[in-house]
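K.L.:
The structure under discussion is supplied below as structure tokens; questions concerning it will follow.
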Amino acid sequence: MADAAEFERPDLNCGLASMDSSESRWVFQDDDHSEIDDYDDDDDPHDNAARHSMDLESEDEDNVEQKLIRTGPRIDSFDVEALDVPGAHRNEYEDFSVGKKIALAFQTLGVVFGDVGTSPLYTFSVMFNKVPIKGDEDVIGALSLVIYTLILISLVKYVLVVLLANDDGEGGTFALYSLICRHAKVSLLPNQLPSDTRISSFRLKVPSAELERSLKIKEKLEASLTLKKLLLMLVLAGTAMVIADGVVTPAMSVMSAVGGLKIGVDAINQDEAVMISVACLIILFSVQKYGTSKVGLAVGPALFIWFCTLAGIGIYNLVVYDSSVLKAFNPVHIYYFFKRNSTNAWYCLGGCLLCATGSEAMFADLCYFSVRSIQLTFVFLVLPCLFLGYLGQAAYLISNQNGAEHVFFNSVPKSAFWPVFLIANVAALIASRAMTTATFSCIKQSTALGCFPRLKIIHTSRKFMGQIYIPVLNWFLLAVCLVVVCSISSMYEIGNAYGIAELGVMMMTTVLVTIVMLLIWQINIIIVMGFAMIFLGIELIFFSSVLWGVGDGSWIILVFAVIMFFIMSIWNYGSKLKYETEVKQKLSMDLMRELGCNLGTIRAPGIGLLYNELVKGIPAIFGHFLTTLPAVHSMIIFVCIKYVPVPVVPQSERFLFRRVCPKSYHIFRCIARYGYKDVRKENHQTFEQLLIESLEKFIRREAQERSLESDGDDDTDTDETRCSRLLVGPNGSVYSLGIPLLAEFNEITRPITEVLNVPEEVQAVESPDPSIPDAEQSLERELSFIRKAKESGVVYLLGHGDIRARKDSWFIKKLIINYFYAFLRKNSRRGIANLSVPHTHLMQVGMTYMV
């Protein structure tokens, strides 16, 4: 690799960090060789000019000449004291015993493969509804088409390629988007900070000469707002299709399984079969709340029996009817099939795709299981059983060409019909859960990244934090599913709708994985273009087939997907507009200085946690508090709950603290960072304890850095001063402190008791002791002040900032903001609900922004 010290590219910023925080890292230096880090532009104003050239968050950051250098392992700002460097997030499936791996495999069958495993119930029935069987070659050609669809889409694309594009064990369209956003500044989500790229979970690659193509693509994406918007629209469209898939999968699976009653009981008609399907769906969605682990472990053996039954029936039919169907593994029969049937063969492609439904669920449900468990289970159990099942049905059809309507149940030996019918219905119910759990996962990811209204999320497993249940979404999917079943009673029409939803997700995944290959994997361009052209071409051909039949009732699922797309787009647009307005209307430091350290009012004992969305500046809602209330708390902490595009943020890197205003004001900013896979289940007492502990660590670290700085001389450009920026660990490694020393806080501030009305007991604690150095006294006074404030109580100051369109806005904007977004915001879950804060600790003030 080329010497990175000579590799200059100012626009790279800190987005290309080291692979892990425990390894040596690459940082940027400016001309005076001082490390660059982020600080609030509203800290102490006296030294803003001195550090303006080092501020990554300033407006002029692109004008600073920077150079990549290698330093020792970076110590997180909260771990300096213990010299403990947090490692990357560990896979929660690494240390499983053999018994637990077997149990995990059974759960994988029950959750991930139910959808693709039940496709033999309806694939041939839908295909031969479009292409009447005129000879053996039609059956063999259709079988060959099914075999190679499974091999190309399910095996090659998803199992061997797409599963590897996971985001630290997380799958789905939003996981791919977050992965891309970490490697290039293409995210349109607000609250982005350079310091976020230093979270251990980022684990990015260091730039080198071999990555020139990747860097050009990165620059192109970052420079084009159109490409950024297009990428986000693709992700939202893919997520909308996943939700639509979660509706149509239960409808198709259950109706195809219940349809077997027509074979076993002649008196059953279509309407009665629909009513039975409705009852089964209600039961299915009612048990969803019991969790993936419990249900998956319970139904895993049932799916194992189903796959064995599928294989057994296939072998039976091959032996009894015709084993010549094995020649379908020769792909030339696909050509013969299209030559014989031409247009009808093209119509049946939508039915053929049904054999690969559930492939996207393997990727979207990846958060529940490990990549290796899914790959091994599919290759050694699922795929062979599916092959045998389809081969057996084809062998039956060659001898019974009139039995294609319910080919699976017709091919079952009569003596085994009812046991197989029971197992098939159980498998269909299980299959319906596959896309439902995938939908839950995608909604959680999109909510965390600000693209879906907040909903109540229940974590159903203490061991696996990715296993979730969303009550509102569960009952919403049930309602829409019942509408689909009752309005589209034909299995063939539902099958076409199924193909539309599935192909929409597949095409979006292909595009995103192609970007991952180019930007992140940096593999040979021929391989990338081959992947994109082959799979996108196949999926477009399939998609053209299902769109041809959209007028038969399957348009309902398209309308539903479009509605979900608009919900996500409106929420993202409104949230981004609200954040931009809050940034524009934030309070200036000049106003805070005019108010003074008492902020023009009485400072009451206690800590006030002011929740807002700003990561820089003083929120306007704070000014609203000052003008509305007669007093504010002696300590104010601006808390910003922020989701970053990583699955997990280590607890040691959860909180970022910055001091706002001079020290005597006692105002801090806390950015609480969460990954989209993180669980916010802590109660408000636990959250307060973690926050205060992190604040104390920050103050100690600040005092330590002042001490290190005071040991140097006044020339900040000398080698001695630069050495004070380093810390030597017990193993002899040299660590960078990772932030500039706090020169802006060197001024002598007045004693707290002179500028702040505080209780007498606090003043007693702050009385100076001449035997203790001034720095230690100052540190102890502030720590004691924090403890006393904590004992006085913590109050959550909530500002409900609503937005309304200005009177001169366009009609469309007024409609979106004043009605659609306002409705979504009113009915979404408030963020404070995650902490279960009692009402006695809450104080709320409303504020409306005109946008």
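Every chain in the structure tokens has a letter given in the order shown (A, B, ...), and although residue numbers restart at 1 in each chain, ligands are simply numbered from 1 in the order shown.
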Please identify all polymer residues within 9 Å of segment 623-637 of chain A, counting only C-alpha atoms, omitting same-chain residues fewer than 4 positions from it, and present them as a count of residues only.

P.N.:
36

K.L.:
Using only C-alpha atoms, which of the listed residues (A:Ser778, A:Gln704, A:Ser125, A:Leu824) sits closest to Tyr390 of chain A?

P.N.:
A:Ser125

K.L.:
What lies within 6 Å of segment 238-244 of chain A using only C-alpha atoms, ignoring chain neighbours under 5 positions off, as a ChimeraX atom specification?

P.N.:
/A:439,501,504-505,508,561,564-565

K.L.:
Of the residues A:Val646, A:Leu234, A:Cys355, A:Cys661, which is the one nearest to Gly675 of chain A, using only C-alpha atoms?

P.N.:
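With only C-alpha atoms as the atom set, the closest residue is A:Val646.
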